[in-house]
>>> print(open('final.csv').read())   # CSV, C-alpha atoms and all ligand atoms
chain,number,residue,atom,x,y,z
A,1444,MET,CA,-21.7,-9.0,-8.2
A,1445,GLU,CA,-19.7,-11.8,-9.9
A,1446,ILE,CA,-17.0,-13.8,-8.2
A,1447,ALA,CA,-14.3,-14.8,-10.7
A,1448,LYS,CA,-11.9,-17.5,-9.7
A,1449,THR,CA,-10.0,-17.9,-12.9
A,1450,ILE,CA,-8.1,-15.5,-15.2
A,1451,GLN,CA,-10.3,-16.6,-18.1
A,1452,SER,CA,-13.6,-15.7,-16.3
A,1453,VAL,CA,-12.4,-12.3,-15.1
A,1454,ARG,CA,-11.1,-11.5,-18.6
A,1455,SER,CA,-14.4,-12.4,-20.2
A,1456,LEU,CA,-16.4,-10.3,-17.7
A,1457,VAL,CA,-14.1,-7.3,-18.3
A,1458,LYS,CA,-14.3,-7.8,-22.1
A,1459,ALA,CA,-18.1,-7.7,-21.9
A,1460,ALA,CA,-18.0,-4.5,-19.9
A,1461,ARG,CA,-15.5,-2.9,-22.2
A,1462,SER,CA,-17.6,-3.8,-25.2
A,1463,LYS,CA,-20.2,-1.4,-23.7
A,1464,SER,CA,-17.5,1.3,-23.5
A,1465,LYS,CA,-17.3,1.1,-19.7
A,1466,LYS,CA,-14.4,2.6,-17.9
A,1467,ILE,CA,-12.7,-0.2,-16.0
A,1468,GLY,CA,-11.3,0.3,-12.5
A,1469,LEU,CA,-9.1,-2.1,-10.5
A,1470,VAL,CA,-8.5,-2.1,-6.8
A,1471,PRO,CA,-5.8,-4.7,-6.1
A,1472,THR,CA,-5.9,-6.0,-2.5
A,1473,MET,CA,-4.7,-8.9,-0.4
A,1474,GLY,CA,-8.2,-9.0,1.3
A,1475,ALA,CA,-8.9,-8.5,5.0
A,1476,LEU,CA,-10.7,-5.4,3.7
A,1477,HIS,CA,-11.1,-2.4,6.0
A,1478,ILE,CA,-12.2,1.2,5.8
A,1479,GLY,CA,-8.9,2.0,3.9
A,1480,HIS,CA,-9.8,-0.4,1.2
A,1481,ILE,CA,-13.4,0.8,1.2
A,1482,SER,CA,-12.2,4.3,0.5
A,1483,LEU,CA,-10.3,2.9,-2.6
A,1484,ILE,CA,-13.4,1.0,-3.8
A,1485,GLU,CA,-15.5,4.1,-3.3
A,1486,ALA,CA,-13.1,6.2,-5.4
A,1487,ALA,CA,-13.1,3.5,-8.0
A,1488,VAL,CA,-16.9,3.3,-8.1
A,1489,LYS,CA,-17.0,7.1,-8.4
A,1490,GLN,CA,-14.5,7.4,-11.2
A,1491,CYS,CA,-15.2,4.2,-13.2
A,1492,ASP,CA,-18.2,2.4,-14.6
A,1493,PHE,CA,-17.1,-1.2,-13.8
A,1494,VAL,CA,-15.0,-2.0,-10.8
A,1495,VAL,CA,-12.9,-5.1,-10.2
A,1496,VAL,CA,-11.5,-5.9,-6.8
A,1497,SER,CA,-8.7,-8.5,-6.7
A,1498,ILE,CA,-8.1,-10.5,-3.5
A,1499,PHE,CA,-4.9,-12.4,-3.6
A,1500,VAL,CA,-2.4,-12.8,-0.8
A,1501,ASN,CA,0.7,-12.6,-3.0
A,1502,PRO,CA,3.4,-15.0,-1.8
A,1503,THR,CA,6.2,-13.4,-3.8
A,1504,GLN,CA,6.1,-10.2,-1.8
A,1505,PHE,CA,6.7,-11.8,1.6
A,1506,GLY,CA,10.2,-12.5,2.6
A,1507,PRO,CA,11.3,-15.5,4.7
A,1508,GLY,CA,10.0,-15.3,8.3
A,1509,GLU,CA,7.3,-12.7,7.3
A,1510,ASP,CA,3.6,-13.2,7.9
A,1511,PHE,CA,2.5,-14.8,4.7
A,1512,GLU,CA,1.0,-17.9,6.5
A,1513,LYS,CA,-0.8,-15.9,9.2
A,1514,TYR,CA,-2.0,-13.0,7.0
A,1515,PRO,CA,-5.8,-12.8,7.7
A,1516,ARG,CA,-8.0,-14.3,4.9
A,1517,PRO,CA,-11.6,-13.5,5.9
A,1518,LEU,CA,-13.1,-14.1,2.5
A,1519,ASP,CA,-16.8,-14.1,3.4
A,1520,ALA,CA,-16.5,-10.8,5.2
A,1521,ASP,CA,-14.5,-9.4,2.3
A,1522,LEU,CA,-17.2,-10.4,-0.3
A,1523,LYS,CA,-19.9,-8.9,1.9
A,1524,ILE,CA,-18.0,-5.6,1.9
A,1525,CYS,CA,-17.5,-5.8,-1.9
A,1526,ARG,CA,-21.2,-6.4,-2.4
A,1527,LYS,CA,-22.2,-3.5,-0.2
A,1528,THR,CA,-19.8,-1.0,-1.9
A,1529,GLY,CA,-21.0,-1.7,-5.4
A,1530,VAL,CA,-18.1,-3.8,-6.8
A,1531,ASP,CA,-18.9,-5.5,-10.1
A,1532,VAL,CA,-16.4,-8.4,-10.0
A,1533,VAL,CA,-14.3,-9.8,-7.2
A,1534,PHE,CA,-11.3,-11.6,-8.7
A,1535,VAL,CA,-10.1,-14.3,-6.3
A,1536,PRO,CA,-7.5,-16.4,-8.0
A,1537,THR,CA,-5.7,-19.3,-6.5
A,1538,GLN,CA,-2.0,-19.5,-6.2
A,1539,GLU,CA,-2.0,-22.0,-9.1
A,1540,GLN,CA,-3.8,-19.5,-11.3
A,1541,MET,CA,-1.4,-16.7,-10.6
A,1542,TYR,CA,1.8,-18.7,-10.4
A,1543,PRO,CA,1.2,-22.0,-12.3
A,1544,ALA,CA,4.9,-22.7,-12.6
A,1545,GLU,CA,8.1,-21.5,-11.0
A,1546,ASN,CA,8.2,-17.8,-11.7
A,1547,LEU,CA,11.1,-16.9,-13.9
A,1548,THR,CA,10.0,-13.4,-15.0
A,1549,TRP,CA,10.2,-10.5,-12.6
A,1550,VAL,CA,9.4,-6.9,-12.9
A,1551,ASN,CA,11.8,-4.9,-10.8
A,1552,VAL,CA,11.9,-1.1,-10.4
A,1553,GLU,CA,15.4,-0.2,-9.5
A,1554,LYS,CA,16.7,2.5,-7.0
A,1555,LEU,CA,13.3,3.4,-5.6
A,1556,THR,CA,12.9,-0.1,-4.2
A,1557,GLU,CA,16.3,-0.1,-2.4
A,1558,LEU,CA,15.4,2.7,0.0
A,1559,LEU,CA,13.1,2.9,3.0
A,1560,CYS,CA,11.2,-0.4,3.4
A,1561,GLY,CA,13.4,-2.0,0.6
A,1562,GLN,CA,16.3,-2.0,3.0
A,1563,SER,CA,14.7,-4.5,5.4
A,1564,ARG,CA,12.5,-6.2,2.8
A,1565,PRO,CA,14.8,-6.8,-0.2
A,1566,ILE,CA,12.4,-8.9,-2.3
A,1567,HIS,CA,9.1,-7.2,-1.3
A,1568,PHE,CA,8.7,-4.6,-4.1
A,1569,ARG,CA,9.8,-7.0,-6.8
A,1570,GLY,CA,6.9,-9.2,-5.7
A,1571,VAL,CA,4.5,-6.3,-5.6
A,1572,THR,CA,5.4,-5.0,-9.0
A,1573,THR,CA,5.4,-8.4,-10.6
A,1574,VAL,CA,1.9,-9.3,-9.2
A,1575,CYS,CA,0.6,-5.8,-10.1
A,1576,ALA,CA,2.0,-6.2,-13.7
A,1577,LYS,CA,0.2,-9.6,-13.9
A,1578,LEU,CA,-3.0,-8.2,-12.5
A,1579,PHE,CA,-2.8,-5.2,-15.0
A,1580,ASN,CA,-2.3,-7.7,-17.8
A,1581,ILE,CA,-5.2,-9.9,-16.7
A,1582,VAL,CA,-7.8,-7.2,-15.9
A,1583,ALA,CA,-6.5,-4.5,-18.3
A,1584,PRO,CA,-8.0,-1.7,-16.2
A,1585,ASP,CA,-8.1,2.0,-17.3
A,1586,VAL,CA,-7.4,3.0,-13.7
A,1587,ALA,CA,-5.9,1.2,-10.7
A,1588,PHE,CA,-6.3,2.5,-7.2
A,1589,PHE,CA,-3.6,2.4,-4.4
A,1590,GLY,CA,-3.5,3.9,-0.9
A,1591,ARG,CA,-1.0,6.6,0.2
A,1592,LYS,CA,-0.3,4.7,3.4
A,1593,ASP,CA,1.9,2.4,1.4
A,1594,ALA,CA,3.5,5.5,-0.2
A,1595,GLN,CA,6.6,3.8,-1.5
A,1596,GLN,CA,4.5,1.0,-3.0
A,1597,ALA,CA,2.3,3.5,-4.8
A,1598,ILE,CA,5.3,5.5,-6.1
A,1599,VAL,CA,7.1,2.3,-7.3
A,1600,VAL,CA,3.9,1.0,-9.0
A,1601,ARG,CA,3.4,4.4,-10.7
A,1602,ARG,CA,7.0,4.3,-11.9
A,1603,MET,CA,6.6,0.8,-13.3
A,1604,ALA,CA,3.5,1.8,-15.2
A,1605,ALA,CA,5.2,4.9,-16.6
A,1606,ASP,CA,8.5,3.1,-17.5
A,1607,LEU,CA,6.8,0.2,-19.2
A,1608,ASN,CA,4.2,2.4,-21.0
A,1609,MET,CA,1.3,0.5,-19.3
A,1610,PRO,CA,-1.9,2.0,-20.7
A,1611,LEU,CA,-3.5,2.8,-17.4
A,1612,GLU,CA,-3.7,5.6,-14.8
A,1613,ILE,CA,-2.5,5.0,-11.2
A,1614,VAL,CA,-4.6,6.9,-8.7
A,1615,ILE,CA,-3.2,7.3,-5.1
A,1616,CYS,CA,-5.9,7.9,-2.5
A,1617,PRO,CA,-5.5,9.5,1.0
A,1618,THR,CA,-4.6,7.4,4.1
A,1619,VAL,CA,-7.6,6.5,6.2
A,1620,ARG,CA,-7.0,6.9,10.0
A,1621,GLU,CA,-8.7,5.7,13.1
A,1622,PRO,CA,-10.1,8.7,15.2
A,1623,ASN,CA,-6.9,8.4,17.3
A,1624,GLY,CA,-4.7,8.9,14.2
A,1625,LEU,CA,-3.5,5.4,13.7
A,1626,ALA,CA,-3.4,4.6,10.0
A,1627,VAL,CA,-5.8,1.8,9.2
A,1628,SER,CA,-4.0,-1.4,8.2
A,1629,SER,CA,-4.8,-5.1,8.0
A,1630,ARG,CA,-1.8,-5.7,10.3
A,1631,ASN,CA,-3.4,-3.6,13.1
A,1632,LYS,CA,-5.3,-6.9,13.8
A,1633,TYR,CA,-2.1,-8.4,15.2
A,1634,LEU,CA,-1.9,-5.7,18.0
A,1635,THR,CA,-3.2,-5.9,21.6
A,1636,GLU,CA,-5.2,-2.9,22.9
A,1637,GLU,CA,-2.1,-1.7,24.7
A,1638,GLN,CA,0.0,-2.0,21.6
A,1639,LYS,CA,-2.7,-0.2,19.6
A,1640,LYS,CA,-2.4,2.7,22.0
A,1641,ASP,CA,1.4,2.7,21.6
A,1642,ALA,CA,1.0,2.7,17.8
A,1643,THR,CA,-0.8,6.1,18.0
A,1644,LEU,CA,2.6,7.6,18.7
A,1645,ILE,CA,3.5,6.9,15.0
A,1646,TYR,CA,1.1,9.5,13.7
A,1647,LYS,CA,1.9,11.8,16.7
A,1648,SER,CA,5.6,11.8,15.5
A,1649,LEU,CA,4.5,12.6,12.0
A,1650,GLN,CA,2.3,15.4,13.2
A,1651,LYS,CA,5.3,16.8,15.1
A,1652,CYS,CA,7.3,16.7,11.9
A,1653,ARG,CA,4.6,18.7,10.1
A,1654,GLU,CA,4.4,21.2,13.0
A,1655,MET,CA,8.1,21.8,13.1
A,1656,ILE,CA,8.2,22.4,9.3
A,1657,ASP,CA,5.3,24.8,9.6
A,1658,ASP,CA,7.2,26.6,12.3
A,1659,GLY,CA,10.2,27.0,10.0
A,1660,THR,CA,12.5,24.1,10.9
A,1661,THR,CA,14.2,22.8,7.7
A,1662,ASP,CA,16.9,20.6,9.2
A,1663,SER,CA,15.8,17.0,8.9
A,1664,GLU,CA,18.2,15.8,11.6
A,1665,THR,CA,16.6,18.1,14.2
A,1666,ILE,CA,13.1,17.0,13.2
A,1667,ILE,CA,14.0,13.3,13.2
A,1668,ALA,CA,15.5,13.6,16.7
A,1669,GLU,CA,12.1,15.0,18.0
A,1670,MET,CA,10.2,12.3,16.2
A,1671,ARG,CA,12.5,9.7,17.7
A,1672,LYS,CA,11.8,11.1,21.2
A,1673,ILE,CA,8.0,10.7,20.7
A,1674,LEU,CA,8.3,7.1,19.4
A,1675,SER,CA,10.7,6.2,22.3
A,1676,GLN,CA,7.9,7.0,24.8
A,1677,ALA,CA,6.6,3.4,24.3
A,1678,PRO,CA,9.2,0.7,25.1
A,1679,SER,CA,7.2,-1.7,22.9
A,1680,ILE,CA,8.1,0.3,19.8
A,1681,GLU,CA,11.3,-0.7,17.9
A,1682,ILE,CA,12.1,1.9,15.3
A,1683,GLU,CA,13.2,0.5,11.9
A,1684,TYR,CA,13.5,3.9,10.3
A,1685,ILE,CA,12.4,7.5,10.5
A,1686,SER,CA,13.2,9.3,7.2
A,1687,ILE,CA,12.4,12.5,5.5
A,1688,VAL,CA,12.8,12.1,1.8
A,1689,ASP,CA,12.2,13.7,-1.6
A,1690,ALA,CA,8.6,12.7,-2.5
A,1691,GLU,CA,9.7,11.5,-5.9
A,1692,THR,CA,13.2,10.1,-5.7
A,1693,LEU,CA,12.8,9.0,-2.1
A,1694,HIS,CA,16.4,10.2,-1.4
A,1695,ASN,CA,17.0,11.5,2.1
A,1696,LEU,CA,16.7,15.3,2.4
A,1697,ASP,CA,19.1,17.1,4.7
A,1698,LYS,CA,17.2,20.4,4.3
A,1699,ILE,CA,13.5,20.3,3.6
A,1700,ALA,CA,12.5,22.7,0.8
A,1701,GLY,CA,9.8,21.4,-1.6
A,1702,LYS,CA,7.7,18.3,-1.6
A,1703,ALA,CA,8.9,15.9,1.1
A,1704,LEU,CA,7.7,12.6,2.5
A,1705,ALA,CA,8.2,11.9,6.2
A,1706,ALA,CA,8.0,8.1,6.6
A,1707,VAL,CA,8.2,5.8,9.6
A,1708,ALA,CA,8.5,2.1,10.0
A,1709,VAL,CA,8.3,0.4,13.4
A,1710,GLN,CA,7.9,-3.0,14.9
A,1711,ILE,CA,5.3,-3.3,17.7
A,1712,GLY,CA,5.0,-6.8,19.1
A,1713,PRO,CA,4.2,-9.0,16.1
A,1714,ALA,CA,3.3,-6.2,13.7
A,1715,ARG,CA,5.5,-4.2,11.4
A,1716,LEU,CA,3.7,-0.9,10.9
A,1717,ILE,CA,4.4,1.9,8.4
A,1718,ASP,CA,3.0,5.4,8.0
A,1719,ASN,CA,3.9,8.6,6.3
A,1720,ILE,CA,2.8,12.1,5.6
A,1721,LEU,CA,3.3,14.2,2.5
A,1722,MET,CA,4.4,17.8,3.0
A,1723,ASP,CA,5.0,20.8,0.8
A,1724,ALA,CA,7.5,23.0,2.6
A,1725,SER,CA,7.3,25.6,-0.2
A,1726,LYS,CA,3.6,26.2,0.7
A,1727,LYS,CA,3.7,27.8,4.1
B,1,LIG,O1,-1.1,-3.3,-0.9
B,1,LIG,C1,-1.4,-4.5,-1.1
B,1,LIG,O2,-2.4,-5.0,-0.5
B,1,LIG,C2,-0.5,-5.4,-2.0
B,1,LIG,O3,0.8,-5.0,-1.9
B,1,LIG,C3,-1.0,-5.4,-3.4
B,1,LIG,C4,-0.9,-4.0,-4.1
B,1,LIG,C5,-2.4,-5.9,-3.5
B,1,LIG,C6,-0.1,-6.3,-4.3
B,1,LIG,O4,-0.2,-7.6,-3.8
>>> encode(input="final.csv", output="structure tokens", more="lines below")
Ligand code: PAF
Amino acid sequence: MEIAKTIQSVRSLVKAARSKSKKIGLVPTMGALHIGHISLIEAAVKQCDFVVVSIFVNPTQFGPGEDFEKYPRPLDADLKICRKTGVDVVFVPTQEQMYPAENLTWVNVEKLTELLCGQSRPIHFRGVTTVCAKLFNIVAPDVAFFGRKDAQQAIVVRRMAADLNMPLEIVICPTVREPNGLAVSSRNKYLTEEQKKDATLIYKSLQKCREMIDDGTTDSETIIAEMRKILSQAPSIEIEYISIVDAETLHNLDKIAGKALAAVAVQIGPARLIDNILMDASKK
């Protein structure tokens, strides 16, 4: 496994692989790798011949007062995981490599980024799409892999790639959960054991949503009220939003008919956690 610290070095490693007609996969990450990332890497190793994992805590997607400084950066453990999972190159650029000067050029996907998490994190998705566009330009992958836990991110990045005719496929992989249902996230590290227990209510509320839809409830307001009751069982949970939206446009649905995304964002102690499930109410 190679560790590339510069744009030039990752480009020349990818160029050599491409000259052997290898299919290039990219797993963009901010490090602090966990089983969710491992599942993305495994999908990349399965579907591609040459896998690049990027590790870069991207400052432009953190708003003022967010956790950029304290975001975990366990590089040695991350490299170990990459070695074990069959990664070919880990791209670990410095901030100076990625943003050598004041950034004046931004990639912004409109509308989709103003909803759900975009309401409380107004610059977040602009930072994500800009850094992803940069990584796609640097690595030039055939396929890039994202997790469904960050459903809005995956939908936004897919839309950016389509709208800008980027020559790559975006693969969205299933959310990985702890045995108790809690979606695996680097930010779970911020939680105490008690808060982790409270956090399991997030998935319980999403399961309730699925159950109600399976039982024939189509009214979002009724479902959201039940989800709210579940989340309110833990006083440590501050609900940011509970939404049931169209899985493509992310617009709120009053009545649930076809493909819908139920999405939750909460604050528990120091951690802002998100989770979602995708449902198809037409398939019952
Ligand atoms: O999901 C993440 O870890 C980040 O948002 C990403 C896609 C690596 C961009 O910095």
>>> atom_distance(input="final.csv", atom1="CA of Thr1472 (chain A)", atom2="CA of Gln1596 (chain A)")
12.5 Å
>>> closest_atom_pairs(input="final.csv", of="chain A", to="ligand LIG 1 (chain B)", cutoff="6 Å", atoms="only C-alpha atoms and all ligand atoms", output="JSON lines")
{"residue": "A:Pro1471", "atom": "CA", "partner": "B:LIG1", "partner_atom": "C5", "distance": 4.4}
{"residue": "A:Thr1472", "atom": "CA", "partner": "B:LIG1", "partner_atom": "C5", "distance": 3.6}
{"residue": "A:Met1473", "atom": "CA", "partner": "B:LIG1", "partner_atom": "O2", "distance": 4.5}
{"residue": "A:Asn1501", "atom": "CA", "partner": "B:LIG1", "partner_atom": "O4", "distance": 5.1}
{"residue": "A:Val1571", "atom": "CA", "partner": "B:LIG1", "partner_atom": "C6", "distance": 4.8}
{"residue": "A:Cys1575", "atom": "CA", "partner": "B:LIG1", "partner_atom": "C6", "distance": 5.9}
>>> residues_near_point(input="final.csv", point="(-5.8, -0.7, -11.2)", cutoff="6 Å", atoms="only C-alpha atoms", output="compact mmCIF listing (two decimals) with C-alpha atoms, in the frame of the given file")
# COMPACT_ATOMS: atom_id res chain seq x y z
CA GLY A 1468 -11.30 0.30 -12.50
CA LEU A 1469 -9.10 -2.10 -10.50
CA VAL A 1470 -8.50 -2.10 -6.80
CA PRO A 1584 -8.00 -1.70 -16.20
CA VAL A 1586 -7.40 3.00 -13.70
CA ALA A 1587 -5.90 1.20 -10.70
CA PHE A 1588 -6.30 2.50 -7.20
>>> closest_residue(input="final.csv", among="A:Ala1487, A:Leu1456, A:Leu1522, A:Gly1712", to="Gln1638 (chain A)", atoms="only C-alpha atoms")
A:Gly1712
>>> residues_around(input="final.csv", residues="Ala1594 (chain A)", least_positions_apart="2", cutoff="10 Å", atoms="only C-alpha atoms", output="ChimeraX atom specification")
/A:1589-1592,1596-1600,1615-1618,1690,1704,1706,1717-1721
>>> closest_residue(input="final.csv", among="A:Gln1451, A:Gln1562, A:Ser1648, A:Thr1528", to="Met1670 (chain A)", atoms="all atoms listed in the file")
A:Ser1648
>>> residues_around(input="final.csv", residues="Glu1654 (chain A)", least_positions_apart="4", cutoff="12 Å", atoms="only C-alpha atoms", output="short mmCIF file (atom, residue, chain, number, x, y, z; two decimals) with C-alpha atoms, in the coordinates of the input")
data_model
loop_
_atom_site.label_atom_id
_atom_site.label_comp_id
_atom_site.auth_asym_id
_atom_site.auth_seq_id
_atom_site.Cartn_x
_atom_site.Cartn_y
_atom_site.Cartn_z
CA LYS A 1647 1.90 11.80 16.70
CA SER A 1648 5.60 11.80 15.50
CA LEU A 1649 4.50 12.60 12.00
CA GLN A 1650 2.30 15.40 13.20
CA ASP A 1658 7.20 26.60 12.30
CA GLY A 1659 10.20 27.00 10.00
CA THR A 1660 12.50 24.10 10.90
CA THR A 1661 14.20 22.80 7.70
CA ILE A 1666 13.10 17.00 13.20
CA GLU A 1669 12.10 15.00 18.00
CA MET A 1670 10.20 12.30 16.20
CA ILE A 1720 2.80 12.10 5.60
CA MET A 1722 4.40 17.80 3.00
CA ALA A 1724 7.50 23.00 2.60
CA LYS A 1727 3.70 27.80 4.10
#
>>> atom_distance(input="final.csv", atom1="CA of Val1707 (chain A)", atom2="CA of Ile1645 (chain A)")
7.2 Å
>>> closest_residue(input="final.csv", among="A:Val1535, A:Leu1518, A:Ala1668, A:Leu1555", to="Lys1651 (chain A)", atoms="all atoms listed in the file")
A:Ala1668
>>> closest_residue(input="final.csv", among="A:Glu1664, A:Lys1639, A:Ala1576, A:Gly1701", to="Asn1608 (chain A)", atoms="only C-alpha atoms")
A:Ala1576
>>> residues_around(input="final.csv", residues="Arg1454 (chain A)", least_positions_apart="3", cutoff="9 Å", atoms="all atoms listed in the file", output="list in words")
Thr1449, Ile1450, Gln1451, Val1457, Lys1458, Ala1459, Ile1581, Val1582 and Ala1583 of chain A
>>> write_last_selection(input="final.csv", atoms="C-alpha atoms", output="short mmCIF file (atom, residue, chain, number, x, y, z; two decimals), keeping the file's coordinate frame")
data_model
loop_
_atom_site.label_atom_id
_atom_site.label_comp_id
_atom_site.auth_asym_id
_atom_site.auth_seq_id
_atom_site.Cartn_x
_atom_site.Cartn_y
_atom_site.Cartn_z
CA THR A 1449 -10.00 -17.90 -12.90
CA ILE A 1450 -8.10 -15.50 -15.20
CA GLN A 1451 -10.30 -16.60 -18.10
CA VAL A 1457 -14.10 -7.30 -18.30
CA LYS A 1458 -14.30 -7.80 -22.10
CA ALA A 1459 -18.10 -7.70 -21.90
CA ILE A 1581 -5.20 -9.90 -16.70
CA VAL A 1582 -7.80 -7.20 -15.90
CA ALA A 1583 -6.50 -4.50 -18.30
#
>>> atom_distance(input="final.csv", atom1="CA of Ala1544 (chain A)", atom2="CA of Gly1561 (chain A)")
26.0 Å
>>> residues_around(input="final.csv", residues="Thr1503 (chain A)", least_positions_apart="4", cutoff="8 Å", atoms="only C-alpha atoms", output="list in words")
Ile1566, His1567, Arg1569, Gly1570 and Val1571 of chain A
>>> closest_residue(input="final.csv", among="A:Gln1595, A:Ser1629, A:Ser1497, A:Gln1676", to="Lys1554 (chain A)", atoms="all atoms listed in the file")
A:Gln1595
>>> residues_around(input="final.csv", residues="Pro1515 (chain A)", least_positions_apart="4", cutoff="10 Å", atoms="all atoms listed in the file", output="VMD selection string")
chain A and resid 1473 to 1476 1500 1510 to 1511 1629 to 1630 1632 to 1633
>>> closest_residue(input="final.csv", among="A:Cys1560, A:Val1533, A:Pro1543, A:Cys1525", to="Asp1593 (chain A)", atoms="only C-alpha atoms")
A:Cys1560
>>> closest_atom_pairs(input="final.csv", of="region 1509-1569 of chain A", to="region 1492-1495 of chain A", cutoff="8 Å", atoms="all atoms listed in the file", output="Markdown table")
| residue | atom | partner | partner_atom | distance |
| --- | --- | --- | --- | --- |
| A:Val1530 | CA | A:Val1494 | CA | 5.4 |
| A:Asp1531 | CA | A:Val1494 | CA | 5.3 |
| A:Val1532 | CA | A:Val1495 | CA | 4.8 |
| A:Val1533 | CA | A:Val1495 | CA | 5.7 |
| A:Phe1534 | CA | A:Val1495 | CA | 6.9 |
